[in-house]
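File shown here: run.txt, holding compact mmCIF, C-alpha atoms and all ligand atoms.
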```
# COMPACT_ATOMS: atom_id res chain seq x y z
CA MET A 1 -26.82 -139.22 -14.35
CA VAL A 2 -28.93 -140.98 -16.97
CA ALA A 3 -26.41 -139.95 -19.68
CA ALA A 4 -23.55 -141.48 -17.64
CA TRP A 5 -25.51 -144.72 -17.28
CA HIS A 6 -26.07 -144.86 -21.03
CA GLU A 7 -22.36 -144.16 -21.54
CA ALA A 8 -21.50 -147.08 -19.25
CA GLY A 9 -23.74 -149.32 -21.35
CA ASP A 10 -26.40 -149.76 -18.66
CA GLY A 11 -29.95 -150.35 -19.85
CA ILE A 12 -32.39 -147.94 -18.20
CA ALA A 13 -35.89 -149.10 -17.25
CA LEU A 14 -38.48 -146.46 -16.39
CA VAL A 15 -41.64 -147.01 -14.34
CA PRO A 16 -43.89 -143.95 -14.72
CA THR A 17 -46.31 -143.50 -11.80
CA MET A 18 -48.48 -140.91 -10.12
CA GLY A 19 -47.28 -142.09 -6.69
CA ASN A 20 -49.30 -143.52 -3.78
CA LEU A 21 -47.38 -146.68 -4.53
CA HIS A 22 -48.94 -150.08 -3.85
CA LYS A 23 -47.97 -153.70 -4.48
CA GLY A 24 -48.93 -153.35 -8.17
CA HIS A 25 -46.35 -150.58 -8.64
CA LEU A 26 -43.72 -152.51 -6.69
CA ASN A 27 -44.21 -155.47 -9.02
CA LEU A 28 -43.73 -153.19 -12.03
CA ILE A 29 -40.50 -152.02 -10.40
CA SER A 30 -39.36 -155.66 -9.97
CA ARG A 31 -40.06 -156.27 -13.66
CA ALA A 32 -38.04 -153.17 -14.51
CA ALA A 33 -35.14 -154.40 -12.37
CA GLU A 34 -35.19 -157.78 -14.15
CA ARG A 35 -34.81 -156.07 -17.52
CA GLY A 36 -32.66 -153.00 -16.95
CA GLU A 37 -29.40 -152.40 -15.07
CA ARG A 38 -30.80 -149.10 -13.79
CA VAL A 39 -34.34 -148.47 -12.60
CA VAL A 40 -35.88 -145.00 -12.70
CA VAL A 41 -39.32 -144.34 -11.19
CA SER A 42 -41.20 -141.15 -11.89
CA ILE A 43 -43.85 -139.74 -9.56
CA PHE A 44 -45.90 -136.97 -11.09
CA VAL A 45 -49.62 -136.34 -10.62
CA ASN A 46 -50.20 -135.06 -14.12
CA PRO A 47 -52.82 -132.29 -14.25
CA THR A 48 -53.42 -132.57 -18.00
CA GLN A 49 -54.92 -136.06 -17.74
CA PHE A 50 -57.62 -135.00 -15.25
CA GLY A 51 -60.88 -133.42 -16.42
CA PRO A 52 -62.12 -130.19 -14.76
CA THR A 53 -64.55 -132.09 -12.50
CA GLU A 54 -62.19 -134.99 -11.73
CA ASP A 55 -60.10 -135.83 -8.68
CA PHE A 56 -56.78 -134.05 -9.45
CA GLU A 57 -56.80 -132.08 -6.18
CA ARG A 58 -57.95 -135.09 -4.15
CA TYR A 59 -55.57 -137.59 -5.80
CA PRO A 60 -53.53 -139.14 -2.94
CA ARG A 61 -50.04 -137.66 -2.60
CA THR A 62 -47.83 -139.70 -0.27
CA MET A 63 -44.27 -138.76 -1.27
CA GLU A 64 -42.53 -139.53 2.04
CA VAL A 65 -43.97 -143.04 2.28
CA ASP A 66 -43.40 -143.62 -1.45
CA MET A 67 -39.74 -142.64 -1.11
CA ARG A 68 -39.24 -145.17 1.66
CA LYS A 69 -40.82 -147.88 -0.51
CA LEU A 70 -38.60 -146.95 -3.45
CA ASN A 71 -35.51 -147.06 -1.23
CA ARG A 72 -36.44 -150.52 0.00
CA ALA A 73 -37.05 -151.63 -3.59
CA GLY A 74 -33.52 -150.52 -4.53
CA VAL A 75 -34.63 -148.02 -7.19
CA ASP A 76 -31.68 -146.08 -8.62
CA LEU A 77 -33.40 -142.78 -9.29
CA LEU A 78 -36.67 -141.07 -8.43
CA PHE A 79 -37.79 -138.38 -10.85
CA ALA A 80 -40.44 -136.23 -9.16
CA PRO A 81 -40.78 -133.01 -11.15
CA SER A 82 -43.03 -130.05 -10.43
CA VAL A 83 -45.85 -129.03 -12.78
CA ALA A 84 -43.75 -126.02 -13.88
CA GLU A 85 -40.83 -128.28 -14.78
CA MET A 86 -43.01 -130.51 -16.91
CA TYR A 87 -45.05 -127.72 -18.49
CA PRO A 88 -42.73 -124.65 -18.47
CA ARG A 89 -45.08 -122.50 -20.59
CA GLY A 90 -48.11 -123.32 -18.46
CA LEU A 91 -50.83 -125.86 -19.13
CA ASP A 92 -52.65 -123.78 -21.76
CA GLN A 93 -49.53 -123.30 -23.87
CA ALA A 94 -48.21 -126.85 -23.54
CA THR A 95 -47.44 -128.86 -26.69
CA ALA A 96 -49.75 -131.88 -26.79
CA VAL A 97 -49.07 -135.37 -28.11
CA ILE A 98 -52.32 -136.94 -29.29
CA VAL A 99 -52.94 -140.45 -30.56
CA PRO A 100 -56.10 -140.10 -32.67
CA GLU A 101 -59.27 -142.21 -32.51
CA ILE A 102 -58.25 -144.81 -29.96
CA SER A 103 -57.84 -142.00 -27.39
CA ASP A 104 -61.49 -141.03 -27.91
CA ASP A 105 -62.91 -144.52 -27.39
CA LEU A 106 -63.93 -146.40 -24.20
CA CYS A 107 -62.50 -144.39 -21.25
CA GLY A 108 -61.85 -141.54 -23.70
CA ILE A 109 -65.61 -141.16 -24.20
CA HIS A 110 -66.17 -140.74 -20.47
CA ARG A 111 -62.96 -138.78 -19.81
CA PRO A 112 -62.52 -136.48 -22.82
CA GLY A 113 -58.89 -135.37 -23.21
CA HIS A 114 -57.61 -137.90 -20.66
CA PHE A 115 -55.39 -139.88 -23.04
CA ALA A 116 -54.06 -136.71 -24.69
CA GLY A 117 -52.87 -135.76 -21.19
CA VAL A 118 -51.35 -139.21 -20.66
CA THR A 119 -49.47 -139.29 -23.97
CA SER A 120 -48.37 -135.67 -23.57
CA VAL A 121 -46.80 -136.40 -20.20
CA VAL A 122 -45.43 -139.87 -21.01
CA CYS A 123 -43.71 -138.49 -24.12
CA ARG A 124 -42.08 -135.81 -21.94
CA LEU A 125 -41.06 -138.43 -19.33
CA PHE A 126 -39.52 -140.56 -22.10
CA ASN A 127 -37.58 -137.58 -23.47
CA ILE A 128 -36.32 -136.49 -20.05
CA CYS A 129 -35.47 -139.94 -18.61
CA SER A 130 -34.42 -141.49 -21.97
CA PRO A 131 -35.20 -145.07 -20.95
CA ASP A 132 -34.49 -148.14 -23.07
CA ILE A 133 -37.48 -149.89 -21.48
CA ALA A 134 -40.68 -148.57 -19.91
CA VAL A 135 -42.99 -150.65 -17.74
CA PHE A 136 -46.75 -150.04 -17.52
CA GLY A 137 -49.50 -151.96 -15.73
CA MET A 138 -52.06 -154.08 -17.57
CA LYS A 139 -54.83 -152.65 -15.38
CA ASP A 140 -54.76 -149.53 -17.53
CA TYR A 141 -55.04 -151.63 -20.67
CA GLN A 142 -56.31 -148.88 -22.97
CA GLN A 143 -53.49 -146.63 -21.71
CA LEU A 144 -51.00 -149.36 -22.61
CA ILE A 145 -52.39 -149.68 -26.13
CA VAL A 146 -52.49 -145.89 -26.64
CA ILE A 147 -48.88 -145.54 -25.44
CA SER A 148 -47.74 -148.45 -27.67
CA ARG A 149 -49.33 -146.65 -30.63
CA MET A 150 -47.50 -143.43 -29.70
CA VAL A 151 -44.16 -145.26 -29.40
CA GLU A 152 -44.69 -146.90 -32.78
CA ASP A 153 -45.92 -143.77 -34.58
CA LEU A 154 -43.19 -141.50 -33.22
CA HIS A 155 -40.45 -144.15 -33.72
CA LEU A 156 -39.44 -143.84 -30.08
CA PRO A 157 -36.55 -146.23 -29.34
CA ILE A 158 -38.22 -147.65 -26.23
CA ARG A 159 -39.40 -151.18 -25.53
CA LEU A 160 -42.65 -151.37 -23.60
CA ILE A 161 -43.20 -154.07 -21.01
CA ALA A 162 -46.62 -154.82 -19.53
CA GLY A 163 -46.91 -155.88 -15.89
CA PRO A 164 -49.88 -157.97 -14.70
CA THR A 165 -52.67 -156.49 -12.58
CA GLU A 166 -52.24 -157.09 -8.85
CA ARG A 167 -55.48 -158.02 -7.08
CA GLU A 168 -56.86 -158.03 -3.57
CA PRO A 169 -57.96 -161.49 -2.34
CA SER A 170 -61.52 -160.46 -3.40
CA GLY A 171 -60.33 -160.00 -7.00
CA LEU A 172 -60.53 -156.19 -6.83
CA ALA A 173 -57.73 -154.72 -8.96
CA MET A 174 -55.23 -152.77 -6.86
CA SER A 175 -55.41 -149.06 -7.55
CA SER A 176 -54.45 -145.87 -5.77
CA ARG A 177 -58.12 -144.89 -6.05
CA ASN A 178 -59.26 -147.86 -3.91
CA GLY A 179 -58.26 -145.80 -0.86
CA GLY A 180 -61.30 -143.63 -1.61
CA LEU A 181 -63.65 -146.61 -1.07
CA SER A 182 -65.12 -147.59 2.30
CA ASP A 183 -64.72 -151.22 3.46
CA ASP A 184 -68.25 -151.99 2.24
CA GLU A 185 -67.58 -150.32 -1.12
CA GLN A 186 -64.41 -152.41 -1.55
CA VAL A 187 -66.59 -155.52 -1.19
CA THR A 188 -69.08 -154.13 -3.74
CA ALA A 189 -66.26 -153.18 -6.14
CA ALA A 190 -65.08 -156.80 -6.30
CA ALA A 191 -68.13 -157.42 -8.52
CA ILE A 192 -66.21 -155.87 -11.44
CA PHE A 193 -63.74 -158.75 -11.64
CA ARG A 194 -66.51 -161.32 -11.08
CA VAL A 195 -68.49 -159.86 -13.99
CA LEU A 196 -65.39 -159.73 -16.22
CA ASN A 197 -64.79 -163.41 -15.47
CA TRP A 198 -68.42 -164.22 -16.27
CA VAL A 199 -68.03 -162.49 -19.66
CA GLY A 200 -64.71 -164.29 -20.26
CA THR A 201 -66.11 -167.73 -19.48
CA THR A 202 -69.20 -167.07 -21.61
CA LEU A 203 -67.03 -165.99 -24.55
CA GLN A 204 -64.86 -169.09 -24.20
CA SER A 205 -67.96 -171.29 -24.20
CA GLY A 206 -68.67 -170.04 -27.73
CA ASN A 207 -71.15 -167.20 -27.15
CA HIS A 208 -69.98 -164.38 -29.43
CA ARG A 209 -73.08 -162.16 -29.15
CA TYR A 210 -70.93 -159.29 -27.91
CA ASP A 211 -73.67 -156.65 -27.63
CA GLU A 212 -75.86 -158.90 -25.50
CA LEU A 213 -72.95 -159.91 -23.29
CA GLU A 214 -71.93 -156.29 -22.78
CA SER A 215 -75.41 -155.21 -21.81
CA GLU A 216 -75.95 -158.20 -19.49
CA ALA A 217 -72.58 -157.42 -17.85
CA ARG A 218 -73.60 -153.78 -17.33
CA ALA A 219 -76.88 -154.98 -15.77
CA GLN A 220 -74.93 -157.27 -13.42
CA LEU A 221 -72.70 -154.36 -12.34
CA SER A 222 -75.75 -152.17 -11.68
CA ALA A 223 -77.42 -154.97 -9.72
CA ALA A 224 -74.26 -155.23 -7.58
CA GLY A 225 -74.53 -151.51 -6.72
CA LEU A 226 -72.06 -149.99 -9.21
CA GLU A 227 -72.76 -147.40 -11.92
CA PRO A 228 -71.16 -148.80 -15.07
CA ASP A 229 -69.66 -146.41 -17.65
CA TYR A 230 -69.13 -149.30 -20.04
CA VAL A 231 -68.34 -152.96 -20.49
CA ALA A 232 -66.77 -153.70 -23.88
CA VAL A 233 -65.44 -156.78 -25.65
CA ARG A 234 -62.64 -155.89 -28.04
CA ASN A 235 -59.78 -157.35 -30.00
CA ALA A 236 -56.96 -157.46 -27.43
CA ALA A 237 -54.26 -156.50 -29.95
CA ASP A 238 -55.56 -153.01 -30.72
CA LEU A 239 -58.96 -152.61 -29.06
CA SER A 240 -60.75 -152.70 -32.41
CA ALA A 241 -64.09 -154.53 -32.76
CA PRO A 242 -63.54 -158.28 -32.37
CA PRO A 243 -62.85 -160.11 -35.65
CA ASP A 244 -65.04 -163.02 -36.83
CA ALA A 245 -62.67 -165.65 -35.48
CA PRO A 246 -61.13 -163.95 -32.45
CA VAL A 247 -57.91 -165.34 -30.98
CA ARG A 248 -57.44 -163.07 -28.01
CA LEU A 249 -60.07 -160.71 -26.66
CA ALA A 250 -59.97 -157.97 -24.05
CA VAL A 251 -63.02 -157.44 -21.87
CA LEU A 252 -62.84 -153.95 -20.41
CA ALA A 253 -65.02 -152.32 -17.78
CA ALA A 254 -65.28 -148.96 -16.06
CA ALA A 255 -67.72 -148.24 -13.26
CA ARG A 256 -68.32 -145.64 -10.59
CA LEU A 257 -68.86 -146.22 -6.90
CA GLY A 258 -69.25 -143.54 -4.23
CA GLY A 259 -67.46 -140.88 -6.30
CA VAL A 260 -64.59 -143.20 -7.31
CA ARG A 261 -64.14 -144.34 -10.91
CA LEU A 262 -62.75 -147.87 -11.19
CA ILE A 263 -61.43 -149.66 -14.28
CA ASP A 264 -60.42 -153.24 -14.88
CA ASN A 265 -60.04 -155.70 -17.72
CA LEU A 266 -59.53 -159.36 -18.52
CA ILE A 267 -57.59 -160.83 -21.43
CA VAL A 268 -59.38 -163.89 -22.79
CA ASP A 269 -57.65 -166.45 -24.98
CA MET A 270 -60.21 -168.10 -27.20
CA PRO A 271 -60.09 -171.88 -27.57
CA ALA A 272 -58.94 -173.06 -31.01
CA ASP A 273 -61.83 -174.59 -33.03
O1 LIG B 301 -50.85 -144.85 -15.09
C1 LIG B 301 -50.47 -143.80 -14.51
O2 LIG B 301 -50.15 -143.78 -13.32
C2 LIG B 301 -50.40 -142.51 -15.32
O3 LIG B 301 -51.42 -142.45 -16.26
C3 LIG B 301 -49.03 -142.30 -15.99
C4 LIG B 301 -48.72 -143.38 -17.00
C5 LIG B 301 -47.94 -142.27 -14.91
C6 LIG B 301 -49.02 -140.95 -16.71
O4 LIG B 301 -49.28 -139.90 -15.85
```
Step by step, read the file and then write its structure as structure tokens.
Ligand code: PAF
Amino acid sequence: MVAAWHEAGDGIALVPTMGNLHKGHLNLISRAAERGERVVVSIFVNPTQFGPTEDFERYPRTMEVDMRKLNRAGVDLLFAPSVAEMYPRGLDQATAVIVPEISDDLCGIHRPGHFAGVTSVVCRLFNICSPDIAVFGMKDYQQLIVISRMVEDLHLPIRLIAGPTEREPSGLAMSSRNGGLSDDEQVTAAAIFRVLNWVGTTLQSGNHRYDELESEARAQLSAAGLEPDYVAVRNAADLSAPPDAPVRLAVLAAARLGGVRLIDNLIVDMPAD
């Protein structure tokens, strides 16, 4: 089907997901539809990106409801493979695609092997679906940067598009994992975006003492009732340490609440001197 679309000259836009679709995913699908003649969505809860003690088994699987949403959104094709289709030799024998260094930083420190799992599956999805364009959410900012690096390094002929993070009225970033939070925890979790905004405003006011800001932000998250994994200020372009005269910074945070790990980030444009 995809080959026939290419033959007809249709641009194919892929939105890779793990299902349990929410408004954030549907917006990525709208972006895909604006840029490609054909929209393919993949739903695959990828075992290789979950650590042994993580929530792979508990990850919400809602295929029937997701299919109805995709129908309503006018998606041309759903690709929902089995684990055996994606990893025919089994998980232990599977060829891995690894982007060095950046995969072992930030979330990679707290989730060893996570990004190797992401790039290994996204590379397979790209090869199977052969999209011209692929759309990823900004909420997973490190994932976006890691995948961009993979696309560049492997000369994959795919243009990446980033879709903005959808938020609840409280500011909490929409995520399939929010369903694991109680109503009270959802209120507590909104502190992440408040703290990111505090860091952003402080940076824009000219405070560049990154270490102090990061540790104050972690303290604010703890005081709000979260267990921070990290808060980090980085160069938005590649997540390296911020340069002396930063133009655009990314403030990234990961924190745990009631067994759920939440991530979020804010892109901060620095005022010109
Ligand atoms: O962001 C996600 O949902 C997943 O990490 C992805 C990109 C679909 C790979 O499994």
request  = Return as number ranges by chain every polymer residue, whether protein, DNA or RNA, with at least one atom no more than 8 Å from an atom of ligand LIG 301 (chain B); count only C-alpha atoms and all ligand atoms.
outcome  = A: 15-19, 42-46, 49, 117-119, 121-122, 136-137, 140, 143
What's the 12 Å shell around Ile133 in chain A, counting all atoms listed in the file, without same-chain residues fewer than 3 positions away, as JSON, numbers by chain? {"A": [10, 11, 12, 13, 14, 15, 16, 28, 29, 31, 32, 33, 34, 35, 36, 37, 38, 39, 40, 41, 126, 129, 130, 136, 151, 156, 157, 158, 159, 160, 161, 162]}
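Nearest to Asp211 in chain A of all the residues A:Gly24, A:Gly171, A:Gly258, A:Pro242 is A:Pro242, counting only C-alpha atoms.
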From CA of Gly113 in chain A to CA of Ile98 in chain A the spacing works out at 9.1 Å
Would you please work out which residue, of A:Arg234, A:Ser205, A:Pro164, A:His114, is nearest to Glu54 in chain A when using all atoms listed in the file?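 Looking at the shortest contact to Glu54 in chain A, the residue is A:His114.
Each of A:Pro246, A:Pro47, A:Gly206, A:Pro112 was checked against Ala94 in chain A using only C-alpha atoms; the smallest atom-to-atom distance is that of A:Pro47.
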note - CA of Gly163 in chain A and CA of Ala116 in chain A are separated by 22.3 Å
Exercise for the section: Tell me which of A:Gly225, A:Leu144, A:Ala8, A:Gln220 sits closest to Ile102 in chain A, counting all atoms listed in the file. Expected result: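 With all atoms listed in the file as the atom set, the closest residue is A:Leu144.
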Need to verify the contact set: Arg167 in chain A, 12 Å, all atoms listed in the file, exclusion of same-chain residues closer than 2 positions in sequence. Can you return it as a short mmCIF file (atom, residue, chain, number, x, y, z; two decimals) with C-alpha atoms, in the frame of the given file?
```cif
data_model
loop_
_atom_site.label_atom_id
_atom_site.label_comp_id
_atom_site.auth_asym_id
_atom_site.auth_seq_id
_atom_site.Cartn_x
_atom_site.Cartn_y
_atom_site.Cartn_z
CA HIS A 22 -48.94 -150.08 -3.85
CA LYS A 23 -47.97 -153.70 -4.48
CA GLY A 24 -48.93 -153.35 -8.17
CA HIS A 25 -46.35 -150.58 -8.64
CA ASN A 27 -44.21 -155.47 -9.02
CA MET A 138 -52.06 -154.08 -17.57
CA LYS A 139 -54.83 -152.65 -15.38
CA PRO A 164 -49.88 -157.97 -14.70
CA THR A 165 -52.67 -156.49 -12.58
CA PRO A 169 -57.96 -161.49 -2.34
CA SER A 170 -61.52 -160.46 -3.40
CA GLY A 171 -60.33 -160.00 -7.00
CA LEU A 172 -60.53 -156.19 -6.83
CA ALA A 173 -57.73 -154.72 -8.96
CA MET A 174 -55.23 -152.77 -6.86
CA SER A 175 -55.41 -149.06 -7.55
CA ASN A 178 -59.26 -147.86 -3.91
CA GLN A 186 -64.41 -152.41 -1.55
CA ALA A 189 -66.26 -153.18 -6.14
CA ALA A 190 -65.08 -156.80 -6.30
CA ILE A 192 -66.21 -155.87 -11.44
CA PHE A 193 -63.74 -158.75 -11.64
CA ASP A 264 -60.42 -153.24 -14.88
CA ASN A 265 -60.04 -155.70 -17.72
#
```
Computed gap from CA of Thr53 in chain A to CA of Ser148 in chain A is 27.9 Å
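For the residues A:Arg177, A:Arg89, A:Gln142, A:Asn20, ranking by smallest atom-to-atom distance to Asp104 in chain A using only C-alpha atoms places A:Gln142 first.
Nearest residue to Leu221 in chain A among A:Arg111, A:Arg256, A:Arg261, A:Arg72 is A:Arg256, counting all atoms listed in the file.
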Practice task
Kindly extract all protein, DNA and RNA residues lying within 9 Å of the coordinates (-66.5, -146.1, -11.2) given in the file, considering all atoms listed in the file, and supply them as a ChimeraX atom specification.
Solution key: /A:189,226-229,254-263
If you keep C-alpha atoms, can you produce a file of those selected residues as a PDB file, keeping the file's coordinate frame?
```pdb
ATOM      1  CA  ALA A 189     -66.260-153.180  -6.140  1.00  0.00           C
ATOM      2  CA  LEU A 226     -72.060-149.990  -9.210  1.00  0.00           C
ATOM      3  CA  GLU A 227     -72.760-147.400 -11.920  1.00  0.00           C
ATOM      4  CA  PRO A 228     -71.160-148.800 -15.070  1.00  0.00           C
ATOM      5  CA  ASP A 229     -69.660-146.410 -17.650  1.00  0.00           C
ATOM      6  CA  ALA A 254     -65.280-148.960 -16.060  1.00  0.00           C
ATOM      7  CA  ALA A 255     -67.720-148.240 -13.260  1.00  0.00           C
ATOM      8  CA  ARG A 256     -68.320-145.640 -10.590  1.00  0.00           C
ATOM      9  CA  LEU A 257     -68.860-146.220  -6.900  1.00  0.00           C
ATOM     10  CA  GLY A 258     -69.250-143.540  -4.230  1.00  0.00           C
ATOM     11  CA  GLY A 259     -67.460-140.880  -6.300  1.00  0.00           C
ATOM     12  CA  VAL A 260     -64.590-143.200  -7.310  1.00  0.00           C
ATOM     13  CA  ARG A 261     -64.140-144.340 -10.910  1.00  0.00           C
ATOM     14  CA  LEU A 262     -62.750-147.870 -11.190  1.00  0.00           C
ATOM     15  CA  ILE A 263     -61.430-149.660 -14.280  1.00  0.00           C
TER      16      ILE A 263
END
```
Could you complete range 172-181 of chain A so that it carries all heavy atoms, and give it back as a CSV table (one decimal), keeping the file's coordinate frame?
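That gives us rebuild22.csv:
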```
chain,number,residue,atom,x,y,z
A,172,LEU,N,-60.6,-157.6,-6.5
A,172,LEU,CA,-60.5,-156.2,-6.8
A,172,LEU,C,-59.1,-155.8,-7.3
A,172,LEU,O,-58.1,-156.1,-6.6
A,172,LEU,CB,-60.9,-155.4,-5.6
A,172,LEU,CG,-60.8,-153.8,-5.7
A,172,LEU,CD1,-61.8,-153.3,-6.8
A,172,LEU,CD2,-61.1,-153.2,-4.4
A,173,ALA,N,-59.0,-155.1,-8.4
A,173,ALA,CA,-57.7,-154.7,-9.0
A,173,ALA,C,-57.1,-153.6,-8.1
A,173,ALA,O,-57.8,-152.7,-7.7
A,173,ALA,CB,-57.9,-154.2,-10.4
A,174,MET,N,-55.9,-153.8,-7.7
A,174,MET,CA,-55.2,-152.8,-6.9
A,174,MET,C,-55.1,-151.5,-7.6
A,174,MET,O,-54.7,-151.4,-8.8
A,174,MET,CB,-53.9,-153.2,-6.4
A,174,MET,CG,-53.9,-154.3,-5.4
A,174,MET,SD,-52.3,-154.6,-4.7
A,174,MET,CE,-52.7,-156.1,-3.7
A,175,SER,N,-55.4,-150.4,-6.9
A,175,SER,CA,-55.4,-149.1,-7.6
A,175,SER,C,-55.3,-148.0,-6.4
A,175,SER,O,-55.8,-148.2,-5.3
A,175,SER,CB,-56.7,-148.8,-8.3
A,175,SER,OG,-56.9,-147.4,-8.5
A,176,SER,N,-54.6,-146.9,-6.8
A,176,SER,CA,-54.4,-145.9,-5.8
A,176,SER,C,-55.8,-145.3,-5.4
A,176,SER,O,-56.0,-144.8,-4.3
A,176,SER,CB,-53.6,-144.7,-6.3
A,176,SER,OG,-52.3,-145.3,-6.7
A,177,ARG,N,-56.8,-145.4,-6.3
A,177,ARG,CA,-58.1,-144.9,-6.0
A,177,ARG,C,-58.9,-145.8,-5.1
A,177,ARG,O,-59.9,-145.3,-4.6
A,177,ARG,CB,-58.9,-144.7,-7.4
A,177,ARG,CG,-58.3,-143.6,-8.2
A,177,ARG,CD,-59.2,-143.2,-9.3
A,177,ARG,NE,-58.9,-141.9,-9.9
A,177,ARG,CZ,-58.1,-141.7,-11.0
A,177,ARG,NH1,-57.6,-142.7,-11.6
A,177,ARG,NH2,-57.8,-140.5,-11.4
A,178,ASN,N,-58.5,-147.0,-4.8
A,178,ASN,CA,-59.3,-147.9,-3.9
A,178,ASN,C,-59.3,-147.3,-2.5
A,178,ASN,O,-60.2,-147.5,-1.7
A,178,ASN,CB,-58.7,-149.3,-3.8
A,178,ASN,CG,-58.8,-150.0,-5.1
A,178,ASN,OD1,-59.5,-149.6,-6.0
A,178,ASN,ND2,-58.2,-151.2,-5.2
A,179,GLY,N,-58.3,-146.4,-2.2
A,179,GLY,CA,-58.3,-145.8,-0.9
A,179,GLY,C,-59.5,-144.9,-0.6
A,179,GLY,O,-59.8,-144.6,0.5
A,180,GLY,N,-60.1,-144.5,-1.7
A,180,GLY,CA,-61.3,-143.6,-1.6
A,180,GLY,C,-62.6,-144.4,-1.4
A,180,GLY,O,-63.7,-143.9,-1.3
A,181,LEU,N,-62.5,-145.8,-1.3
A,181,LEU,CA,-63.6,-146.6,-1.1
A,181,LEU,C,-63.7,-147.0,0.4
A,181,LEU,O,-62.7,-147.3,1.0
A,181,LEU,CB,-63.5,-147.9,-1.9
A,181,LEU,CG,-63.5,-147.8,-3.4
A,181,LEU,CD1,-63.2,-149.1,-4.1
A,181,LEU,CD2,-64.8,-147.2,-4.0
```
